[in-house]
$ cat work_4.txt   # compact mmCIF, C-alpha atoms
# COMPACT_ATOMS: atom_id res chain seq x y z
CA MET B 356 -7.30 13.29 40.59
CA THR B 357 -7.18 12.48 36.87
CA ALA B 358 -5.73 15.90 35.99
CA ALA B 359 -3.10 15.60 38.72
CA ARG B 360 -2.16 12.11 37.54
CA SER B 361 -1.88 13.31 33.94
CA SER B 362 0.30 16.24 35.00
CA ALA B 363 2.52 13.92 37.03
CA ARG B 364 2.87 11.63 34.02
CA ARG B 365 3.94 14.49 31.76
CA GLY B 366 6.41 15.67 34.37
CA ALA B 367 7.88 12.20 34.70
CA ALA B 368 8.16 11.89 30.90
CA ALA B 369 9.99 15.23 30.69
CA LEU B 370 12.29 14.22 33.53
CA TRP B 371 13.18 10.90 31.93
CA GLY B 372 13.78 12.69 28.63
CA ALA B 373 16.23 15.04 30.33
CA VAL B 374 17.91 12.08 32.06
CA GLY B 375 18.29 10.35 28.68
CA ILE B 376 19.95 13.41 27.11
CA LEU B 377 22.27 13.76 30.12
CA ALA B 378 23.19 10.08 29.87
CA VAL B 379 24.16 10.51 26.21
CA VAL B 380 26.32 13.54 27.09
CA VAL B 381 28.05 11.66 29.93
CA LEU B 382 28.67 8.56 27.80
CA TRP B 383 30.01 10.60 24.87
CA GLU B 384 32.36 12.78 26.89
CA GLY B 385 33.31 9.91 29.21
CA TYR B 386 34.35 7.67 26.35
CA LYS B 387 36.19 10.54 24.66
CA PHE B 388 38.14 11.13 27.87
CA LEU B 389 38.88 7.48 28.65
CA GLY B 390 38.94 5.83 25.21
CA PRO B 391 42.10 5.37 23.11
CA ALA B 392 42.73 8.02 20.48
CA GLU B 393 42.93 5.46 17.65
CA GLY B 394 40.15 3.23 18.94
CA VAL B 395 40.40 -0.50 19.56
CA THR B 396 41.06 -2.89 16.67
CA ILE B 397 41.22 -6.68 16.83
CA GLY B 398 42.93 -8.94 14.32
CA ALA B 399 45.24 -6.20 13.03
CA VAL B 400 48.38 -7.28 11.19
CA GLU B 401 51.47 -5.26 12.04
CA GLY B 402 52.57 -3.08 9.15
CA GLU B 403 49.29 -3.40 7.23
CA THR B 404 47.14 -0.27 7.30
CA GLY B 405 43.43 -0.88 7.63
CA SER B 406 43.71 -4.51 8.64
CA GLY B 407 41.66 -5.90 11.50
CA VAL B 408 38.19 -5.04 12.76
CA MET B 409 37.61 -1.86 14.77
CA ILE B 410 35.34 -2.59 17.74
CA LEU B 411 35.60 0.79 19.49
CA PRO B 412 35.72 4.13 17.63
CA ARG B 413 38.53 6.65 17.58
CA THR B 414 38.36 9.46 20.12
CA HIS B 415 40.64 12.13 18.65
CA ASP B 416 39.06 15.50 17.85
CA ARG B 417 38.74 14.90 14.11
CA ALA B 418 36.76 11.68 14.62
CA MET B 419 34.91 12.56 17.82
CA PRO B 420 34.68 16.29 18.59
CA HIS B 421 33.48 17.53 21.96
CA LEU B 422 29.75 18.19 22.23
CA ILE B 423 30.39 21.82 23.12
CA ASP B 424 32.38 22.18 19.87
CA MET B 425 29.43 20.79 17.88
CA VAL B 426 27.02 23.25 19.46
CA THR B 427 29.42 26.17 19.08
CA ARG B 428 29.95 25.34 15.40
CA LEU B 429 26.23 25.81 14.74
CA PHE B 430 26.57 29.52 15.49
CA GLN B 431 29.72 30.09 13.45
CA SER B 432 29.75 31.05 9.77
CA THR B 433 28.96 28.26 7.34
CA SER B 434 32.12 28.50 5.24
CA GLY B 435 33.93 31.59 6.49
CA GLY B 436 33.67 35.20 5.43
CA ASP B 437 30.24 36.82 5.56
CA THR B 438 28.28 33.59 5.20
CA PRO B 439 25.44 33.10 7.70
CA PRO B 440 25.85 30.87 10.77
CA LEU B 441 25.63 27.15 10.07
CA ILE B 442 22.34 26.91 11.94
CA VAL B 443 20.61 29.04 9.27
CA PRO B 444 21.15 26.65 6.31
CA VAL B 445 20.52 23.71 8.67
CA ILE B 446 17.08 25.11 9.56
CA THR B 447 16.31 25.91 5.91
CA ALA B 448 17.29 22.42 4.76
CA ALA B 449 15.43 20.82 7.67
CA LEU B 450 12.21 22.67 6.81
CA THR B 451 12.51 21.50 3.20
CA THR B 452 12.91 17.89 4.31
CA LEU B 453 10.11 18.26 6.86
CA GLY B 454 7.69 19.43 4.17
CA ILE B 455 8.59 16.51 1.92
CA ALA B 456 8.32 14.07 4.82
CA ALA B 457 4.88 15.47 5.68
CA VAL B 458 3.67 14.73 2.14
CA GLY B 459 5.15 11.24 2.39
CA TRP B 460 3.47 10.75 5.76
CA LEU B 461 0.08 11.72 4.34
CA ILE B 462 0.50 9.31 1.43
CA GLY B 463 1.66 6.56 3.77
CA VAL B 464 -1.24 7.12 6.17
CA ALA B 465 -3.78 7.01 3.34
CA VAL B 466 -2.32 3.83 1.83
CA GLY B 467 -1.76 2.14 5.19
CA ALA B 468 -5.24 2.95 6.48
CA LEU B 469 -6.83 1.63 3.27
CA LEU B 470 -4.82 -1.59 3.39
CA GLY B 471 -5.60 -2.08 7.07
CA ALA B 472 -9.33 -1.58 6.49
CA LEU B 473 -9.33 -4.00 3.56
CA MET B 474 -7.49 -6.65 5.55
CA GLN B 475 -9.91 -6.31 8.44
CA ARG B 476 -12.95 -6.44 6.14
CA TRP B 477 -11.94 -9.59 4.26
CA ARG B 478 -9.86 -12.25 5.96
CA LEU B 479 -8.73 -13.63 2.60
CA VAL B 480 -7.19 -10.22 1.77
CA GLU B 481 -5.30 -10.28 5.07
CA TRP B 482 -3.94 -13.77 4.41
CA GLY B 483 -2.80 -12.79 0.92
CA LEU B 484 -1.63 -9.25 1.57
CA LEU B 485 -0.11 -9.08 5.05
CA PRO B 486 2.92 -11.30 4.29
CA TRP B 487 3.78 -9.11 1.30
CA ILE B 488 3.41 -5.95 3.39
CA VAL B 489 5.88 -7.39 5.89
CA VAL B 490 8.28 -8.52 3.17
CA SER B 491 8.16 -5.06 1.57
CA GLN B 492 9.96 -3.64 4.59
CA THR B 493 12.96 -5.91 4.02
CA VAL B 494 13.83 -4.18 0.73
CA PRO B 495 16.84 -1.88 1.36
CA LEU B 496 15.71 1.71 1.01
CA ILE B 497 19.03 2.73 -0.49
CA ALA B 498 18.32 0.30 -3.36
CA PHE B 499 14.66 1.26 -3.75
CA ALA B 500 15.32 5.02 -3.89
CA PRO B 501 17.21 5.09 -7.24
CA VAL B 502 14.53 2.86 -8.79
CA MET B 503 11.79 5.25 -7.68
CA ASN B 504 13.81 8.20 -8.94
CA SER B 505 14.16 6.56 -12.36
CA ILE B 506 10.40 5.93 -12.47
CA GLY B 507 9.79 9.58 -11.55
CA LEU B 508 12.09 10.78 -14.34
CA GLN B 509 10.23 8.53 -16.80
CA ILE B 510 6.87 9.94 -15.67
CA ASP B 511 8.21 13.49 -15.92
CA ARG B 512 9.46 12.88 -19.45
CA ASP B 513 6.51 10.93 -20.89
CA VAL B 514 3.38 11.51 -18.80
CA MET B 515 3.24 14.64 -16.64
CA PRO B 516 5.45 16.95 -14.59
CA TRP B 517 7.02 15.00 -11.70
CA PRO B 518 9.37 17.04 -9.49
CA GLN B 519 12.21 15.20 -7.80
CA TRP B 520 10.88 16.00 -4.33
CA LEU B 521 7.77 13.97 -5.12
CA SER B 522 9.92 10.88 -5.66
CA VAL B 523 11.44 11.53 -2.23
CA ALA B 524 7.94 11.84 -0.72
CA VAL B 525 6.87 8.51 -2.26
CA ILE B 526 10.00 6.86 -0.86
CA ALA B 527 9.21 8.34 2.57
CA SER B 528 5.66 6.98 2.33
CA TYR B 529 7.15 3.53 1.69
CA LEU B 530 8.41 3.46 5.28
CA ALA B 531 5.39 5.28 6.70
CA PHE B 532 2.59 3.03 5.43
CA PHE B 533 3.70 -0.15 7.21
CA PRO B 534 3.06 0.79 10.86
CA VAL B 535 -0.23 2.44 9.87
CA ALA B 536 -1.43 -0.66 8.04
CA VAL B 537 -0.60 -2.93 10.97
CA GLY B 538 -1.96 -0.46 13.53
CA MET B 539 -5.19 -0.02 11.58
CA LEU B 540 -5.67 -3.78 11.24
CA ARG B 541 -5.01 -4.39 14.92
CA GLY B 542 -7.17 -1.46 15.97
CA LEU B 543 -10.17 -2.36 13.85
CA GLU B 544 -10.06 -5.87 15.30
CA ALA B 545 -9.85 -4.52 18.87
CA PRO B 546 -13.59 -4.32 19.76
CA ASP B 547 -14.84 -7.14 21.96
CA ARG B 548 -16.98 -9.75 20.30
CA ILE B 549 -19.92 -8.82 22.50
CA HIS B 550 -19.84 -5.23 21.20
CA VAL B 551 -19.76 -6.40 17.59
CA ASP B 552 -22.67 -8.71 18.28
CA LEU B 553 -24.54 -5.83 19.88
CA MET B 554 -24.16 -3.77 16.69
CA ARG B 555 -25.44 -6.71 14.67
CA SER B 556 -28.44 -7.01 16.98
CA TYR B 557 -29.25 -3.41 16.05
CA ALA B 558 -29.08 -4.43 12.38
CA ALA B 559 -26.13 -2.08 11.90
CA GLY B 560 -24.29 -2.70 8.65
CA TYR B 561 -20.57 -2.55 7.95
CA TRP B 562 -20.23 1.23 7.69
CA PRO B 563 -22.14 2.15 10.88
CA THR B 564 -20.14 -0.49 12.76
CA LEU B 565 -16.90 0.83 11.29
CA LEU B 566 -17.61 4.48 12.10
CA ARG B 567 -19.24 4.06 15.51
CA LEU B 568 -17.42 1.08 16.96
CA ARG B 569 -14.29 -0.04 15.16
CA LEU B 570 -12.65 3.34 14.40
CA PRO B 571 -13.09 4.72 17.94
CA ALA B 572 -11.72 1.44 19.32
CA ALA B 573 -8.76 1.67 16.91
CA VAL B 574 -7.53 5.05 18.23
CA PRO B 575 -5.26 3.62 20.98
CA HIS B 576 -3.54 1.48 18.34
CA LEU B 577 -3.47 4.10 15.58
CA LEU B 578 -1.86 6.97 17.48
CA PRO B 579 1.40 5.12 18.24
CA ALA B 580 1.41 3.84 14.65
CA LEU B 581 1.00 7.39 13.32
CA ARG B 582 3.87 8.64 15.49
CA LEU B 583 6.10 5.84 14.28
CA ALA B 584 5.05 6.53 10.70
CA ALA B 585 5.99 10.20 11.12
CA ALA B 586 9.48 9.33 12.34
CA ASN B 587 9.83 6.75 9.54
CA ALA B 588 8.79 9.34 6.96
CA VAL B 589 11.56 11.68 8.12
CA LEU B 590 14.07 8.83 7.99
CA GLY B 591 12.90 7.83 4.52
CA ALA B 592 13.09 11.40 3.23
CA VAL B 593 16.65 11.89 4.53
CA VAL B 594 17.88 8.57 3.11
CA ALA B 595 16.14 9.25 -0.22
CA GLU B 596 17.75 12.68 -0.51
CA VAL B 597 21.14 11.07 0.07
CA SER B 598 20.47 8.23 -2.37
CA ILE B 599 19.19 10.27 -5.30
CA GLY B 600 21.20 13.43 -4.61
CA MET B 601 18.30 15.86 -4.28
CA ARG B 602 19.52 19.33 -3.40
CA GLY B 603 18.07 21.59 -0.74
CA GLY B 604 17.30 19.00 1.94
CA ILE B 605 19.05 17.95 5.11
CA GLY B 606 20.20 14.66 3.55
CA ARG B 607 22.20 16.39 0.82
CA MET B 608 23.65 18.76 3.41
CA LEU B 609 24.82 15.80 5.49
CA ILE B 610 26.77 14.42 2.53
CA GLN B 611 28.29 17.79 1.64
CA LEU B 612 29.52 18.52 5.16
CA ALA B 613 30.67 14.95 5.73
CA GLY B 614 33.12 15.49 2.89
CA GLN B 615 34.66 18.35 4.85
CA ALA B 616 34.85 16.42 8.14
CA SER B 617 38.64 16.07 8.08
CA SER B 618 39.13 19.84 8.13
CA ASP B 619 35.93 20.80 9.99
CA PRO B 620 34.91 17.77 12.11
CA ALA B 621 32.17 19.54 14.07
CA ALA B 622 30.29 20.78 10.98
CA PRO B 623 28.60 17.49 9.93
CA TRP B 624 26.97 17.27 13.34
CA GLY B 625 24.88 20.37 12.57
CA PRO B 626 22.63 18.62 10.01
CA THR B 627 22.77 15.49 12.17
CA PHE B 628 21.19 17.45 15.02
CA GLY B 629 18.75 18.86 12.47
CA SER B 630 17.70 15.35 11.42
CA ILE B 631 17.16 14.33 15.05
CA ALA B 632 15.08 17.45 15.64
CA LEU B 633 12.98 16.65 12.55
CA GLY B 634 12.09 13.22 13.89
CA LEU B 635 11.12 14.68 17.27
CA ILE B 636 9.05 17.45 15.65
CA ALA B 637 7.29 14.98 13.36
CA ALA B 638 6.41 12.57 16.19
CA GLY B 639 5.45 15.47 18.48
CA SER B 640 3.15 16.96 15.86
CA VAL B 641 1.25 13.69 15.62
CA ALA B 642 1.05 13.57 19.42
CA LEU B 643 -0.88 16.85 19.27
CA VAL B 644 -3.56 15.04 17.27
CA GLY B 645 -4.00 12.74 20.24
CA LEU B 646 -4.99 15.67 22.46
CA GLY B 647 -8.27 15.94 20.59
CA LEU B 648 -8.85 12.19 20.88
CA LYS B 649 -8.12 11.79 24.59
CA ASN B 650 -11.54 10.26 25.25
CA TYR B 651 -10.62 7.33 23.01
CA ARG B 652 -7.09 6.74 24.33
CA ARG B 653 -7.76 4.51 27.32
CA GLY B 654 -5.23 1.71 27.34
CA GLU B 655 -3.25 3.16 24.45
CA ALA B 656 -0.97 0.60 22.85
CA ALA B 657 2.76 1.02 23.22
CA ALA B 658 4.60 2.12 20.09
$ encode --input "work_4.txt" --output "structure tokens"
Amino acid sequence: MTAARSSARRGAAALWGAVGILAVVVLWEGYKFLGPAEGVTIGAVEGETGSGVMILPRTHDRAMPHLIDMVTRLFQSTSGGDTPPLIVPVITAALTTLGIAAVGWLIGVAVGALLGALMQRWRLVEWGLLPWIVVSQTVPLIAFAPVMNSIGLQIDRDVMPWPQWLSVAVIASYLAFFPVAVGMLRGLEAPDRIHVDLMRSYAAGYWPTLLRLRLPAAVPHLLPALRLAAANAVLGAVVAEVSIGMRGGIGRMLIQLAGQASSDPAAPWGPTFGSIALGLIAAGSVALVGLGLKNYRRGEAAA
């Protein structure tokens, strides 16, 4: 019965995923068919270009190409001639960004798990640290990235070799550590009081209680946090590549092709699809970790 229920759940998840993709296709093509070519602007002054506020986007082919055109463009040459199809550099750039995001995810997981464990261990640390952890996520990443890049250049010049991709990984970890820290704190506090008291009655110290009770109880909270951290790491890596201008990644490719959008409007959607695929791959990879921890996933928290 359990296996059948699990299979039915996976089937329902796949079905809803397909329905979601179909809904996006219908909404995109429906609005393109019905929407005004120049969009809808309110407060425009006659004779003044660019006045007013646009509340609905333009639907002409340069601003909003058909989805079939975006997909077809992936399999056409990158810039004409004998250049490879666009999908080839998109995959290459995506793999570069994925590797950097993976490093950022590992850093973020390590930092977040340590902070979560410290906050759970000492209440005073939680009171002093948790507000700052929350506030840290309000700092605009586009402002933090150049600062981190400058620090990396200083380290590279005066201390030790520091490649630019490592700055991008640190920036990615900045977004990844937050959900892990909160998930770890919540998870380590999840055991019932009676179970904690039982461990104390066995004269179990902090480490046995942590390893045998708190960490297993934290799994349902940690897995969603790890998936969210993986998606955040990809987002952070892409934004960092754009902000500091690192070559070779999907973020830089987005900027390059966006500059050609007026003459080749479908091209920028190639790396956009690549970025979406990276987030799905990152979150899906973490989900595989959960397969080995299925015995601890009862009542898994929602991400």
$ residues_around --input "work_4.txt" --residues "range 493-498 of chain B" --least-positions-apart "2" --cutoff "8 Å" --atoms "all atoms listed in the file" --output "PyMOL selection string"
chain B and resi 489-491+500-502+526+591+594-595+598
$ atom_distance --input "work_4.txt" --atom1 "CA of Ala580 in chain B" --atom2 "CA of Ser640 in chain B"
13.3 Å
$ closest_residue --input "work_4.txt" --among "B:Ser528, B:Gln519, B:Thr451, B:Ser618" --to "Val466 in chain B" --atoms "only C-alpha atoms"
B:Ser528
$ residues_around --input "work_4.txt" --residues "range 552-561 of chain B" --least-positions-apart "4" --cutoff "12 Å" --atoms "all atoms listed in the file" --output "ChimeraX atom specification"
/B:472,475-477,543,546-548,565-570
$ atom_distance --input "work_4.txt" --atom1 "CA of Pro516 in chain B" --atom2 "CA of Met503 in chain B"
15.0 Å
$ residues_around --input "work_4.txt" --residues "Ile631 in chain B" --least-positions-apart "6" --cutoff "10 Å" --atoms "only C-alpha atoms" --output "PyMOL selection string"
chain B and resi 449+586+589-590
$ closest_residue --input "work_4.txt" --among "B:Leu453, B:Ala621, B:Leu578, B:Val535" --to "Ala468 in chain B" --atoms "all atoms listed in the file"
B:Val535
$ residues_around --input "work_4.txt" --residues "Ala616 in chain B" --least-positions-apart "6" --cutoff "10 Å" --atoms "only C-alpha atoms" --output "number ranges by chain"
B: 417-418, 622-624
$ residues_near_point --input "work_4.txt" --point "(11.6, 12.5, 10.4)" --cutoff "9 Å" --atoms "all atoms listed in the file" --output "VMD selection string"
chain B and resid 452 to 453 456 to 457 584 to 593 630 to 638
$ closest_residue --input "work_4.txt" --among "B:Ile455, B:Leu530, B:Val443, B:Leu450" --to "Phe430 in chain B" --atoms "only C-alpha atoms"
B:Val443
$ atom_distance --input "work_4.txt" --atom1 "CA of Ile446 in chain B" --atom2 "CA of His421 in chain B"
21.9 Å
$ closest_residue --input "work_4.txt" --among "B:Pro391, B:Trp520, B:Met515, B:Ala572" --to "Gly603 in chain B" --atoms "all atoms listed in the file"
B:Trp520
$ axis_aligned_box --input "work_4.txt" --around "range 515-532 of chain B" --padding-each-side "6 Å" --output "JSON"
{"center_x": 7.4, "center_y": 10.0, "center_z": -5.0, "size_x": 21.6, "size_y": 26.0, "size_z": 35.3}
$ decode --input "work_4.txt" --residues "range 483-535 of chain B" --atoms "C-alpha atoms" --output "PDB file, in the first residue's frame"
ATOM      1  CA  GLY B 483      22.019  37.753  19.069  1.00  0.00           C
ATOM      2  CA  LEU B 484      22.630  36.104  15.710  1.00  0.00           C
ATOM      3  CA  LEU B 485      19.271  35.269  14.134  1.00  0.00           C
ATOM      4  CA  PRO B 486      18.151  38.893  13.590  1.00  0.00           C
ATOM      5  CA  TRP B 487      21.414  39.628  11.778  1.00  0.00           C
ATOM      6  CA  ILE B 488      21.044  36.505   9.636  1.00  0.00           C
ATOM      7  CA  VAL B 489      17.590  37.705   8.599  1.00  0.00           C
ATOM      8  CA  VAL B 490      18.803  41.253   7.959  1.00  0.00           C
ATOM      9  CA  SER B 491      21.669  39.932   5.816  1.00  0.00           C
ATOM     10  CA  GLN B 492      19.160  38.760   3.227  1.00  0.00           C
ATOM     11  CA  THR B 493      17.858  42.303   2.718  1.00  0.00           C
ATOM     12  CA  VAL B 494      21.191  43.468   1.251  1.00  0.00           C
ATOM     13  CA  PRO B 495      20.772  43.742  -2.556  1.00  0.00           C
ATOM     14  CA  LEU B 496      22.909  41.079  -4.197  1.00  0.00           C
ATOM     15  CA  ILE B 497      23.702  43.353  -7.114  1.00  0.00           C
ATOM     16  CA  ALA B 498      25.358  45.732  -4.620  1.00  0.00           C
ATOM     17  CA  PHE B 499      27.116  43.014  -2.618  1.00  0.00           C
ATOM     18  CA  ALA B 500      28.638  41.298  -5.676  1.00  0.00           C
ATOM     19  CA  PRO B 501      31.027  44.127  -6.721  1.00  0.00           C
ATOM     20  CA  VAL B 502      32.177  44.479  -3.099  1.00  0.00           C
ATOM     21  CA  MET B 503      32.984  40.770  -2.910  1.00  0.00           C
ATOM     22  CA  ASN B 504      34.755  40.954  -6.262  1.00  0.00           C
ATOM     23  CA  SER B 505      36.924  43.829  -5.003  1.00  0.00           C
ATOM     24  CA  ILE B 506      37.799  41.834  -1.877  1.00  0.00           C
ATOM     25  CA  GLY B 507      38.705  38.852  -4.063  1.00  0.00           C
ATOM     26  CA  LEU B 508      40.981  40.992  -6.233  1.00  0.00           C
ATOM     27  CA  GLN B 509      42.681  42.338  -3.089  1.00  0.00           C
ATOM     28  CA  ILE B 510      43.231  38.797  -1.778  1.00  0.00           C
ATOM     29  CA  ASP B 511      44.564  37.692  -5.166  1.00  0.00           C
ATOM     30  CA  ARG B 512      47.007  40.588  -5.258  1.00  0.00           C
ATOM     31  CA  ASP B 513      48.254  40.552  -1.654  1.00  0.00           C
ATOM     32  CA  VAL B 514      47.564  37.172  -0.042  1.00  0.00           C
ATOM     33  CA  MET B 515      47.055  34.186  -2.333  1.00  0.00           C
ATOM     34  CA  PRO B 516      45.638  33.236  -5.732  1.00  0.00           C
ATOM     35  CA  TRP B 517      41.890  33.963  -5.816  1.00  0.00           C
ATOM     36  CA  PRO B 518      40.183  33.180  -9.135  1.00  0.00           C
ATOM     37  CA  GLN B 519      37.165  35.249 -10.077  1.00  0.00           C
ATOM     38  CA  TRP B 520      34.873  32.217 -10.054  1.00  0.00           C
ATOM     39  CA  LEU B 521      35.565  31.802  -6.340  1.00  0.00           C
ATOM     40  CA  SER B 522      34.130  35.263  -5.689  1.00  0.00           C
ATOM     41  CA  VAL B 523      31.024  34.167  -7.590  1.00  0.00           C
ATOM     42  CA  ALA B 524      30.824  30.996  -5.462  1.00  0.00           C
ATOM     43  CA  VAL B 525      31.045  33.025  -2.233  1.00  0.00           C
ATOM     44  CA  ILE B 526      28.278  35.310  -3.477  1.00  0.00           C
ATOM     45  CA  ALA B 527      26.155  32.244  -4.304  1.00  0.00           C
ATOM     46  CA  SER B 528      26.776  30.882  -0.797  1.00  0.00           C
ATOM     47  CA  TYR B 529      25.466  34.181   0.595  1.00  0.00           C
ATOM     48  CA  LEU B 530      21.987  33.261  -0.646  1.00  0.00           C
ATOM     49  CA  ALA B 531      22.363  29.555   0.103  1.00  0.00           C
ATOM     50  CA  PHE B 532      23.290  29.702   3.789  1.00  0.00           C
ATOM     51  CA  PHE B 533      20.106  31.403   5.007  1.00  0.00           C
ATOM     52  CA  PRO B 534      17.527  28.641   4.426  1.00  0.00           C
ATOM     53  CA  VAL B 535      19.992  26.045   5.740  1.00  0.00           C
TER      54      VAL B 535
END
